[in-house]
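Student: What follows is query-v3.tsv, TSV, C-alpha atoms.
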```tsv
chain	number	residue	atom	x	y	z
A	1	MET	CA	76.54	73.20	87.71
A	2	GLY	CA	74.35	75.17	90.08
A	3	ILE	CA	73.76	78.89	89.85
A	4	ARG	CA	76.13	80.89	92.01
A	5	LEU	CA	75.16	84.17	93.59
A	6	TYR	CA	77.66	86.99	93.72
A	7	THR	CA	76.77	90.01	95.80
A	8	ARG	CA	78.24	93.40	95.19
A	9	LYS	CA	77.15	96.92	95.95
A	10	LEU	CA	77.58	98.81	92.72
A	11	PRO	CA	74.65	100.82	91.35
A	12	PHE	CA	73.71	99.47	87.93
A	13	ASP	CA	74.27	102.24	85.41
A	14	SER	CA	76.32	102.80	82.28
A	15	HIS	CA	79.23	104.36	84.15
A	16	MET	CA	79.49	101.61	86.74
A	17	MET	CA	79.50	98.93	84.05
A	18	ARG	CA	83.07	100.04	83.35
A	19	ARG	CA	84.16	98.65	86.68
A	20	ILE	CA	85.63	95.26	87.28
A	21	SER	CA	82.78	92.96	88.17
A	22	PHE	CA	84.25	91.81	91.49
A	23	GLU	CA	85.40	95.20	92.73
A	24	TYR	CA	85.01	95.84	96.43
A	25	SER	CA	84.06	99.41	97.20
A	26	CYS	CA	81.81	101.68	99.19
A	27	ASP	CA	78.21	102.72	98.61
A	28	ARG	CA	76.42	104.72	101.25
A	29	ARG	CA	73.06	103.34	100.10
A	30	ARG	CA	74.16	99.80	100.92
A	31	ARG	CA	72.96	98.68	97.51
A	32	ILE	CA	74.15	95.50	95.93
A	33	HIS	CA	73.85	93.62	92.70
A	34	TRP	CA	72.96	89.97	92.66
A	35	LYS	CA	74.91	88.39	89.84
A	36	HIS	CA	73.88	84.90	88.77
A	37	LEU	CA	76.55	82.99	86.88
A	38	LEU	CA	76.51	79.45	85.60
A	39	GLY	CA	80.05	78.83	86.79
A	40	GLY	CA	82.77	81.17	85.57
A	41	VAL	CA	86.14	82.37	86.80
A	42	ALA	CA	87.93	85.68	86.83
A	43	ARG	CA	91.29	84.68	85.37
A	44	PRO	CA	92.07	82.39	82.42
A	45	ARG	CA	92.64	78.90	83.73
A	46	PRO	CA	91.27	75.44	82.88
A	47	SER	CA	87.52	75.32	83.34
A	48	ARG	CA	85.91	72.50	85.25
A	49	ASP	CA	82.76	72.97	83.21
A	50	CYS	CA	84.47	72.76	79.81
A	51	PRO	CA	87.47	70.40	79.97
A	52	GLY	CA	90.37	71.51	77.82
A	53	GLN	CA	89.08	75.06	77.49
A	54	SER	CA	89.84	78.28	79.31
A	55	SER	CA	86.82	80.07	80.67
A	56	GLY	CA	88.68	83.41	80.76
A	57	ARG	CA	87.56	86.56	82.52
A	58	ALA	CA	83.79	86.73	82.63
A	59	SER	CA	83.49	84.65	79.48
A	60	ARG	CA	81.15	85.94	76.83
A	61	GLY	CA	79.06	82.78	76.82
A	62	ARG	CA	78.41	82.92	80.53
A	63	ALA	CA	77.89	86.64	80.62
A	64	ALA	CA	74.89	86.07	78.36
A	65	VAL	CA	73.12	84.10	81.09
A	66	SER	CA	73.96	86.53	83.88
A	67	ARG	CA	71.28	88.56	85.59
A	68	PHE	CA	71.57	91.68	87.69
A	69	VAL	CA	68.97	92.62	90.25
A	70	GLU	CA	69.41	95.81	92.21
A	71	ALA	CA	68.46	95.32	95.84
A	72	ASP	CA	69.14	96.79	99.26
A	73	LEU	CA	70.43	94.52	102.00
A	74	ALA	CA	68.71	96.77	104.51
A	75	ASP	CA	65.35	95.77	102.99
A	76	ARG	CA	64.46	92.22	103.98
A	77	GLN	CA	61.56	92.08	101.52
A	78	GLN	CA	63.86	92.85	98.60
A	79	ILE	CA	66.28	90.13	99.68
A	80	GLU	CA	63.42	87.68	100.15
A	81	LYS	CA	62.17	88.35	96.63
A	82	VAL	CA	65.59	87.58	95.14
A	83	PHE	CA	65.89	84.27	96.96
A	84	ALA	CA	62.28	83.32	96.21
A	85	THR	CA	62.65	84.11	92.51
A	86	HIS	CA	65.99	82.45	91.78
A	87	LYS	CA	67.51	79.10	92.69
A	88	ILE	CA	70.64	80.12	94.58
A	89	HIS	CA	73.28	77.60	95.64
A	90	ALA	CA	75.95	79.85	97.14
A	91	VAL	CA	76.56	83.48	98.05
A	92	MET	CA	79.66	85.62	97.72
A	93	HIS	CA	79.23	88.60	100.02
A	94	PHE	CA	81.15	91.69	98.88
A	95	ALA	CA	78.63	94.39	99.80
A	96	GLY	CA	79.49	96.87	102.51
A	97	GLU	CA	81.05	100.14	103.59
A	98	ALA	CA	84.82	100.22	103.19
A	99	LEU	CA	86.39	103.66	103.71
A	100	VAL	CA	88.40	103.76	106.94
A	101	ALA	CA	88.24	107.52	107.43
A	102	LYS	CA	84.49	107.53	106.94
A	103	SER	CA	84.12	104.73	109.51
A	104	VAL	CA	85.73	106.98	112.13
A	105	ARG	CA	83.32	109.81	111.29
A	106	GLU	CA	80.23	107.63	110.87
A	107	PRO	CA	80.65	104.36	112.81
A	108	SER	CA	76.90	103.72	112.92
A	109	THR	CA	76.80	103.58	109.12
A	110	PHE	CA	79.40	100.82	109.14
A	111	TYR	CA	77.77	98.71	111.82
A	112	ALA	CA	74.41	99.02	110.07
A	113	ALA	CA	75.81	98.12	106.63
A	114	ASN	CA	78.53	95.61	107.49
A	115	VAL	CA	76.83	93.87	110.39
A	116	GLY	CA	73.08	94.51	110.31
A	117	CYS	CA	72.66	94.16	106.56
A	118	GLY	CA	74.87	91.09	106.58
A	119	VAL	CA	72.59	89.45	109.14
A	120	ASN	CA	69.62	90.17	106.88
A	121	LEU	CA	71.42	88.30	104.10
A	122	LEU	CA	72.27	85.36	106.37
A	123	ASP	CA	68.69	85.04	107.56
A	124	ALA	CA	67.41	84.94	103.97
A	125	MET	CA	69.96	82.21	103.19
A	126	VAL	CA	68.76	80.18	106.17
A	127	ARG	CA	65.10	80.55	105.17
A	128	HIS	CA	65.84	79.30	101.67
A	129	GLY	CA	68.28	76.53	102.54
A	130	VAL	CA	71.38	78.19	101.06
A	131	ASP	CA	74.28	76.93	103.15
A	132	LYS	CA	77.42	78.17	101.35
A	133	LEU	CA	78.91	81.66	101.71
A	134	ILE	CA	82.24	83.28	100.84
A	135	PHE	CA	82.77	86.43	102.86
A	136	SER	CA	84.98	89.20	101.51
A	137	SER	CA	86.50	90.51	104.72
A	138	THR	CA	89.61	92.60	105.32
A	139	ALA	CA	93.06	92.34	106.84
A	140	ALA	CA	92.08	95.44	108.81
A	141	THR	CA	90.60	93.01	111.35
A	142	TYR	CA	94.18	92.35	112.51
A	143	GLY	CA	94.95	95.93	113.51
A	144	GLU	CA	98.61	96.73	114.16
A	145	PRO	CA	100.60	93.71	112.90
A	146	GLU	CA	102.97	91.98	115.27
A	147	VAL	CA	104.65	90.13	112.40
A	148	VAL	CA	104.76	90.66	108.63
A	149	PRO	CA	103.55	88.90	106.54
A	150	ILE	CA	100.49	88.52	108.75
A	151	PRO	CA	99.46	84.90	109.30
A	152	GLU	CA	95.82	83.87	109.53
A	153	ASP	CA	96.14	83.04	113.23
A	154	HIS	CA	97.46	86.53	114.07
A	155	ARG	CA	95.46	88.07	116.91
A	156	GLN	CA	92.61	90.25	115.72
A	157	ALA	CA	92.48	93.71	117.30
A	158	PRO	CA	91.12	96.19	114.73
A	159	ILE	CA	91.82	99.87	115.40
A	160	ASN	CA	88.95	101.49	113.49
A	161	PRO	CA	85.19	100.92	113.15
A	162	TYR	CA	85.60	99.52	109.64
A	163	GLY	CA	87.84	96.69	110.83
A	164	LYS	CA	85.68	96.17	113.92
A	165	SER	CA	82.51	95.84	111.86
A	166	LYS	CA	84.12	93.25	109.60
A	167	LEU	CA	85.44	91.27	112.55
A	168	ARG	CA	82.02	91.29	114.18
A	169	PHE	CA	80.46	89.79	111.07
A	170	GLU	CA	83.18	87.12	110.96
A	171	GLN	CA	82.19	86.19	114.52
A	172	ILE	CA	78.53	86.11	113.53
A	173	LEU	CA	79.35	83.69	110.72
A	174	ALA	CA	80.84	81.32	113.28
A	175	ASP	CA	77.62	81.54	115.31
A	176	TYR	CA	75.49	80.74	112.25
A	177	ARG	CA	77.74	77.82	111.43
A	178	ALA	CA	77.16	76.41	114.90
A	179	TYR	CA	73.38	76.55	114.79
A	180	THR	CA	72.49	76.31	111.08
A	181	GLY	CA	75.36	74.31	109.61
A	182	LEU	CA	76.42	77.23	107.41
A	183	LYS	CA	79.53	76.50	105.37
A	184	TYR	CA	81.55	79.67	104.98
A	185	VAL	CA	85.06	80.79	104.14
A	186	THR	CA	86.49	84.20	105.03
A	187	VAL	CA	88.90	85.93	102.66
A	188	ARG	CA	91.01	88.76	104.10
A	189	TYR	CA	93.10	91.27	102.17
A	190	PHE	CA	94.24	94.87	102.50
A	191	ASN	CA	94.44	97.01	99.39
A	192	ALA	CA	92.37	95.99	96.38
A	193	ALA	CA	93.89	97.59	93.29
A	194	GLY	CA	93.78	97.50	89.52
A	195	ALA	CA	91.02	96.79	87.03
A	196	SER	CA	90.30	94.63	84.04
A	197	LYS	CA	91.20	95.79	80.55
A	198	GLU	CA	87.60	95.34	79.49
A	199	ARG	CA	85.88	97.24	82.32
A	200	GLY	CA	88.41	99.70	83.69
A	201	GLU	CA	87.88	101.55	86.96
A	202	ASN	CA	85.50	104.40	87.73
A	203	HIS	CA	84.89	105.48	91.32
A	204	ARG	CA	82.48	108.32	92.05
A	205	VAL	CA	84.91	109.79	94.58
A	206	GLU	CA	88.43	108.50	94.03
A	207	THR	CA	90.37	107.89	97.24
A	208	HIS	CA	92.59	104.98	96.21
A	209	LEU	CA	96.32	105.60	95.97
A	210	ILE	CA	97.17	104.19	92.53
A	211	PRO	CA	94.44	105.92	90.46
A	212	ARG	CA	94.95	109.15	92.45
A	213	ALA	CA	98.66	109.08	91.66
A	214	LEU	CA	98.00	108.45	87.97
A	215	ASP	CA	95.35	111.17	87.80
A	216	THR	CA	97.67	113.65	89.52
A	217	ALA	CA	100.50	112.87	87.12
A	218	LEU	CA	98.06	113.39	84.24
A	219	GLY	CA	97.02	116.78	85.63
A	220	ARG	CA	93.53	115.85	86.81
A	221	PHE	CA	94.42	116.77	90.40
A	222	PRO	CA	96.73	119.63	91.40
A	223	GLU	CA	98.79	117.53	93.80
A	224	MET	CA	99.07	114.14	95.45
A	225	GLU	CA	98.70	114.11	99.24
A	226	ILE	CA	100.78	111.47	101.01
A	227	PHE	CA	99.74	110.81	104.59
A	228	GLY	CA	102.63	109.93	106.86
A	229	PHE	CA	106.35	110.44	106.39
A	230	ASP	CA	107.75	108.95	109.61
A	231	TYR	CA	106.84	105.28	109.25
A	232	PRO	CA	109.60	102.73	109.97
A	233	THR	CA	110.06	102.04	106.24
A	234	PRO	CA	112.97	102.75	103.85
A	235	ASP	CA	111.47	106.02	102.59
A	236	GLY	CA	109.31	106.89	105.61
A	237	THR	CA	105.98	106.44	103.82
A	238	CYS	CA	103.45	103.72	104.55
A	239	VAL	CA	103.98	100.36	102.85
A	240	ARG	CA	100.88	98.56	101.60
A	241	ASP	CA	100.30	95.14	100.11
A	242	PHE	CA	98.37	95.78	96.90
A	243	VAL	CA	96.31	92.91	95.50
A	244	HIS	CA	94.83	92.98	92.01
A	245	VAL	CA	91.05	92.75	91.89
A	246	LEU	CA	91.22	89.78	89.50
A	247	ASP	CA	93.42	87.88	91.96
A	248	ILE	CA	90.93	88.70	94.69
A	249	ALA	CA	88.16	87.37	92.47
A	250	ASP	CA	90.12	84.18	91.87
A	251	SER	CA	90.66	83.69	95.59
A	252	HIS	CA	86.93	83.83	96.26
A	253	LEU	CA	86.15	81.41	93.46
A	254	LEU	CA	88.80	78.98	94.66
A	255	ALA	CA	87.40	79.20	98.19
A	256	LEU	CA	83.97	78.29	96.87
A	257	GLU	CA	85.35	75.36	94.88
A	258	GLU	CA	87.00	73.99	98.03
A	259	ILE	CA	84.37	75.01	100.58
A	260	ASP	CA	83.43	71.46	101.55
A	261	ARG	CA	87.04	70.88	102.59
A	262	VAL	CA	87.93	74.23	104.18
A	263	HIS	CA	84.66	75.66	105.49
A	264	GLY	CA	85.01	77.63	108.70
A	265	GLU	CA	88.53	78.74	107.80
A	266	SER	CA	90.00	82.13	106.92
A	267	PHE	CA	92.58	82.91	104.26
A	268	ASN	CA	94.76	85.95	103.71
A	269	VAL	CA	95.26	87.13	100.14
A	270	GLY	CA	98.42	89.10	99.44
A	271	THR	CA	101.80	89.21	97.76
A	272	THR	CA	103.89	89.06	101.01
A	273	SER	CA	105.76	92.18	99.86
A	274	GLY	CA	104.38	95.68	99.59
A	275	TYR	CA	105.10	99.03	98.00
A	276	SER	CA	105.39	102.35	99.76
A	277	ASN	CA	103.22	105.33	98.92
A	278	LEU	CA	106.23	107.11	97.50
A	279	GLN	CA	107.15	104.12	95.34
A	280	VAL	CA	103.64	104.13	93.86
A	281	VAL	CA	103.92	107.83	93.05
A	282	GLN	CA	107.32	107.28	91.43
A	283	ALA	CA	105.89	104.42	89.36
A	284	ALA	CA	103.06	106.68	88.19
A	285	GLU	CA	105.62	109.24	87.10
A	286	ARG	CA	107.57	106.64	85.11
A	287	ILE	CA	104.45	105.30	83.40
A	288	THR	CA	103.02	108.69	82.48
A	289	ALA	CA	106.38	110.42	81.87
A	290	ALA	CA	104.97	113.31	83.91
A	291	LYS	CA	105.79	114.86	87.27
A	292	CYS	CA	103.40	114.06	90.11
A	293	ARG	CA	103.39	116.98	92.52
A	294	THR	CA	103.23	115.70	96.10
A	295	SER	CA	102.66	117.07	99.57
A	296	PHE	CA	103.28	115.27	102.85
A	297	LEU	CA	100.76	115.31	105.69
A	298	PRO	CA	100.71	113.61	109.11
A	299	GLY	CA	99.87	109.92	109.03
A	300	ASP	CA	96.42	108.50	109.71
A	301	ARG	CA	96.30	107.07	113.22
A	302	GLU	CA	93.43	104.82	112.22
A	303	THR	CA	95.52	103.04	109.58
A	304	PRO	CA	97.76	100.17	110.75
A	305	ARG	CA	101.49	100.83	110.42
A	306	LEU	CA	102.86	98.12	108.16
```
Just give me the structure of the file as structure tokens.
Tutor:
Amino acid sequence: MGIRLYTRKLPFDSHMMRRISFEYSCDRRRRIHWKHLLGGVARPRPSRDCPGQSSGRASRGRAAVSRFVEADLADRQQIEKVFATHKIHAVMHFAGEALVAKSVREPSTFYAANVGCGVNLLDAMVRHGVDKLIFSSTAATYGEPEVVPIPEDHRQAPINPYGKSKLRFEQILADYRAYTGLKYVTVRYFNAAGASKERGENHRVETHLIPRALDTALGRFPEMEIFGFDYPTPDGTCVRDFVHVLDIADSHLLALEEIDRVHGESFNVGTTSGYSNLQVVQAAERITAAKCRTSFLPGDRETPRL
């Protein structure tokens, strides 16, 4: 089994080690970790490497042979050193900027990180003969949905710089496939959520709905702000399709396992049914047995209405 390369952009420190290893999040420094695994899957299921056994979530045996190298995708020399030092057979590209509101304020940051830095990675792969890549994209490339659930062949018309930057890199992947033979698969999803029991979740600045609702119910925030109360949904608040980070991890691993058969394709990852912001807040109240004080603000025009 060849060594697989997983890219992620989490600074390597004791606090960040609490995070789920495949979490997709934002880092203004565009830093990544290169994680080398001899196989491995995110969810318990039969292992191809050890017939009859379950490899589990980041199995202890495989974690022992993992290596983390902190590098910056904006620095070609750092990327070159990683590829020159390690035998890499495939890349999973999670690194990038991801906050929609920030993309509206700082579009240049998103094009530099999500497009320019991605090209640096692709060029290093080409130089070292690495021809397999799984790209962690976003359903934000679709923009306002014309039909729900959104099919993979839905027209792509992103409405914010974040979605536009991700779409541009998807298009670049197609160009690299045409002239280098790159085998890639694109995975699109909306709202990554949850954490593993072992690693938990620990964002520097928490903007995600579920942990914010829980923290508010537990008294760590004075109130929960809900943006939008006039959406065409049963309770008027935005409905989102939340996908657990371990399911997202599984989807990327499955894409890599089948890349010879499905390269060049894109796959949506979701549950086909979502939960409204208000439903999430109510669930947090049930779980914590505490009241979550809420306030309603106008909706975000840069967020697709689902």
Student: Please determine, counting all atoms listed in the file, which residue among A:His86, A:Lys291, A:Lys132, A:Arg177 has the shortest atom-to-atom distance to Ala217 of chain A.
Tutor: A:Lys291
Student: Out of A:Val280, A:Gly96, A:Asn268, A:Arg286, which residue has the shortest atom-to-atom distance to Pro211 of chain A when counting all atoms listed in the file?
Tutor: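 Smallest separation from Pro211 of chain A among the options: A:Val280.
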Student: Rounded to one decimal in Å, what is the spacing between atom CA of Lys197 of chain A and atom CA of Val243 of chain A?
Tutor: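 Between these atoms lies a distance of 16.1 Å.
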Student: Write out as a PyMOL selection string which residues come within 9 Å of segment 263-266 of chain A when counting only C-alpha atoms, dropping same-chain ones fewer than 5 positions away.
Tutor: chain A and resi 132+152-153+173-174+177+182-188+255+258
Student: Have a look at A:Asp215, A:Arg220, A:Thr233, A:Tyr162 and name the one nearest to Leu99 of chain A; count only C-alpha atoms.
Tutor: A:Tyr162
Student: Write a file for segment 135-146 of chain A, containing all heavy atoms (output as a PDB file, in the first residue's frame).
Tutor:
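Result file follows (out_32.pdb):
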```pdb
ATOM      1  N   PHE A 135     -10.048  16.570  -4.353  1.00  0.00           N
ATOM      2  CA  PHE A 135     -10.217  17.978  -4.004  1.00  0.00           C
ATOM      3  C   PHE A 135     -11.458  18.167  -3.152  1.00  0.00           C
ATOM      4  O   PHE A 135     -12.569  17.812  -3.547  1.00  0.00           O
ATOM      5  CB  PHE A 135     -10.325  18.835  -5.264  1.00  0.00           C
ATOM      6  CG  PHE A 135     -10.585  20.291  -4.988  1.00  0.00           C
ATOM      7  CD1 PHE A 135      -9.837  20.979  -4.045  1.00  0.00           C
ATOM      8  CD2 PHE A 135     -11.573  20.984  -5.672  1.00  0.00           C
ATOM      9  CE1 PHE A 135     -10.065  22.316  -3.774  1.00  0.00           C
ATOM     10  CE2 PHE A 135     -11.806  22.320  -5.425  1.00  0.00           C
ATOM     11  CZ  PHE A 135     -11.053  22.991  -4.467  1.00  0.00           C
ATOM     12  N   SER A 136     -11.264  18.747  -1.978  1.00  0.00           N
ATOM     13  CA  SER A 136     -12.375  19.065  -1.081  1.00  0.00           C
ATOM     14  C   SER A 136     -12.934  20.420  -1.485  1.00  0.00           C
ATOM     15  O   SER A 136     -12.406  21.460  -1.115  1.00  0.00           O
ATOM     16  CB  SER A 136     -11.876  19.096   0.372  1.00  0.00           C
ATOM     17  OG  SER A 136     -12.944  19.204   1.267  1.00  0.00           O
ATOM     18  N   SER A 137     -14.006  20.391  -2.256  1.00  0.00           N
ATOM     19  CA  SER A 137     -14.596  21.623  -2.769  1.00  0.00           C
ATOM     20  C   SER A 137     -15.789  22.012  -1.904  1.00  0.00           C
ATOM     21  O   SER A 137     -15.805  21.766  -0.704  1.00  0.00           O
ATOM     22  CB  SER A 137     -14.992  21.453  -4.237  1.00  0.00           C
ATOM     23  OG  SER A 137     -15.408  22.669  -4.802  1.00  0.00           O
ATOM     24  N   THR A 138     -16.783  22.597  -2.492  1.00  0.00           N
ATOM     25  CA  THR A 138     -17.943  23.073  -1.734  1.00  0.00           C
ATOM     26  C   THR A 138     -19.179  23.130  -2.620  1.00  0.00           C
ATOM     27  O   THR A 138     -19.079  23.408  -3.829  1.00  0.00           O
ATOM     28  CB  THR A 138     -17.676  24.477  -1.167  1.00  0.00           C
ATOM     29  OG1 THR A 138     -18.879  24.990  -0.583  1.00  0.00           O
ATOM     30  CG2 THR A 138     -17.226  25.451  -2.241  1.00  0.00           C
ATOM     31  N   ALA A 139     -20.330  22.902  -2.028  1.00  0.00           N
ATOM     32  CA  ALA A 139     -21.584  23.069  -2.754  1.00  0.00           C
ATOM     33  C   ALA A 139     -21.894  24.534  -2.982  1.00  0.00           C
ATOM     34  O   ALA A 139     -22.846  24.868  -3.700  1.00  0.00           O
ATOM     35  CB  ALA A 139     -22.720  22.391  -1.995  1.00  0.00           C
ATOM     36  N   ALA A 140     -21.104  25.428  -2.398  1.00  0.00           N
ATOM     37  CA  ALA A 140     -21.282  26.857  -2.661  1.00  0.00           C
ATOM     38  C   ALA A 140     -20.964  27.213  -4.108  1.00  0.00           C
ATOM     39  O   ALA A 140     -21.302  28.307  -4.558  1.00  0.00           O
ATOM     40  CB  ALA A 140     -20.398  27.679  -1.724  1.00  0.00           C
ATOM     41  N   THR A 141     -20.344  26.303  -4.849  1.00  0.00           N
ATOM     42  CA  THR A 141     -20.097  26.570  -6.272  1.00  0.00           C
ATOM     43  C   THR A 141     -21.399  26.597  -7.066  1.00  0.00           C
ATOM     44  O   THR A 141     -21.430  27.123  -8.175  1.00  0.00           O
ATOM     45  CB  THR A 141     -19.155  25.513  -6.889  1.00  0.00           C
ATOM     46  OG1 THR A 141     -19.778  24.227  -6.824  1.00  0.00           O
ATOM     47  CG2 THR A 141     -17.815  25.487  -6.168  1.00  0.00           C
ATOM     48  N   TYR A 142     -22.476  26.042  -6.510  1.00  0.00           N
ATOM     49  CA  TYR A 142     -23.751  26.016  -7.229  1.00  0.00           C
ATOM     50  C   TYR A 142     -24.493  27.344  -7.140  1.00  0.00           C
ATOM     51  O   TYR A 142     -25.303  27.667  -8.011  1.00  0.00           O
ATOM     52  CB  TYR A 142     -24.651  24.907  -6.679  1.00  0.00           C
ATOM     53  CG  TYR A 142     -24.116  23.516  -6.893  1.00  0.00           C
ATOM     54  CD1 TYR A 142     -23.811  22.697  -5.811  1.00  0.00           C
ATOM     55  CD2 TYR A 142     -23.910  23.018  -8.172  1.00  0.00           C
ATOM     56  CE1 TYR A 142     -23.331  21.417  -5.996  1.00  0.00           C
ATOM     57  CE2 TYR A 142     -23.423  21.738  -8.373  1.00  0.00           C
ATOM     58  CZ  TYR A 142     -23.130  20.941  -7.281  1.00  0.00           C
ATOM     59  OH  TYR A 142     -22.641  19.672  -7.463  1.00  0.00           O
ATOM     60  N   GLY A 143     -24.278  28.103  -6.084  1.00  0.00           N
ATOM     61  CA  GLY A 143     -25.037  29.330  -5.891  1.00  0.00           C
ATOM     62  C   GLY A 143     -26.461  29.032  -5.469  1.00  0.00           C
ATOM     63  O   GLY A 143     -26.730  28.072  -4.744  1.00  0.00           O
ATOM     64  N   GLU A 144     -27.399  29.859  -5.920  1.00  0.00           N
ATOM     65  CA  GLU A 144     -28.804  29.657  -5.582  1.00  0.00           C
ATOM     66  C   GLU A 144     -29.315  28.385  -6.262  1.00  0.00           C
ATOM     67  O   GLU A 144     -29.299  28.273  -7.482  1.00  0.00           O
ATOM     68  CB  GLU A 144     -29.643  30.849  -6.051  1.00  0.00           C
ATOM     69  CG  GLU A 144     -29.324  32.152  -5.330  1.00  0.00           C
ATOM     70  CD  GLU A 144     -29.901  32.199  -3.935  1.00  0.00           C
ATOM     71  OE1 GLU A 144     -30.567  31.226  -3.536  1.00  0.00           O
ATOM     72  OE2 GLU A 144     -29.687  33.216  -3.241  1.00  0.00           O
ATOM     73  N   PRO A 145     -29.792  27.405  -5.495  1.00  0.00           N
ATOM     74  CA  PRO A 145     -30.234  26.142  -6.098  1.00  0.00           C
ATOM     75  C   PRO A 145     -31.543  26.290  -6.857  1.00  0.00           C
ATOM     76  O   PRO A 145     -32.459  26.984  -6.427  1.00  0.00           O
ATOM     77  CB  PRO A 145     -30.403  25.224  -4.886  1.00  0.00           C
ATOM     78  CG  PRO A 145     -30.705  26.151  -3.753  1.00  0.00           C
ATOM     79  CD  PRO A 145     -29.904  27.398  -4.027  1.00  0.00           C
ATOM     80  N   GLU A 146     -31.602  25.629  -7.995  1.00  0.00           N
ATOM     81  CA  GLU A 146     -32.834  25.606  -8.775  1.00  0.00           C
ATOM     82  C   GLU A 146     -33.686  24.409  -8.390  1.00  0.00           C
ATOM     83  O   GLU A 146     -34.892  24.383  -8.655  1.00  0.00           O
ATOM     84  CB  GLU A 146     -32.492  25.549 -10.262  1.00  0.00           C
ATOM     85  CG  GLU A 146     -31.753  26.794 -10.749  1.00  0.00           C
ATOM     86  CD  GLU A 146     -31.274  26.667 -12.183  1.00  0.00           C
ATOM     87  OE1 GLU A 146     -31.330  25.533 -12.729  1.00  0.00           O
ATOM     88  OE2 GLU A 146     -30.851  27.686 -12.756  1.00  0.00           O
TER      89      GLU A 146
END
```
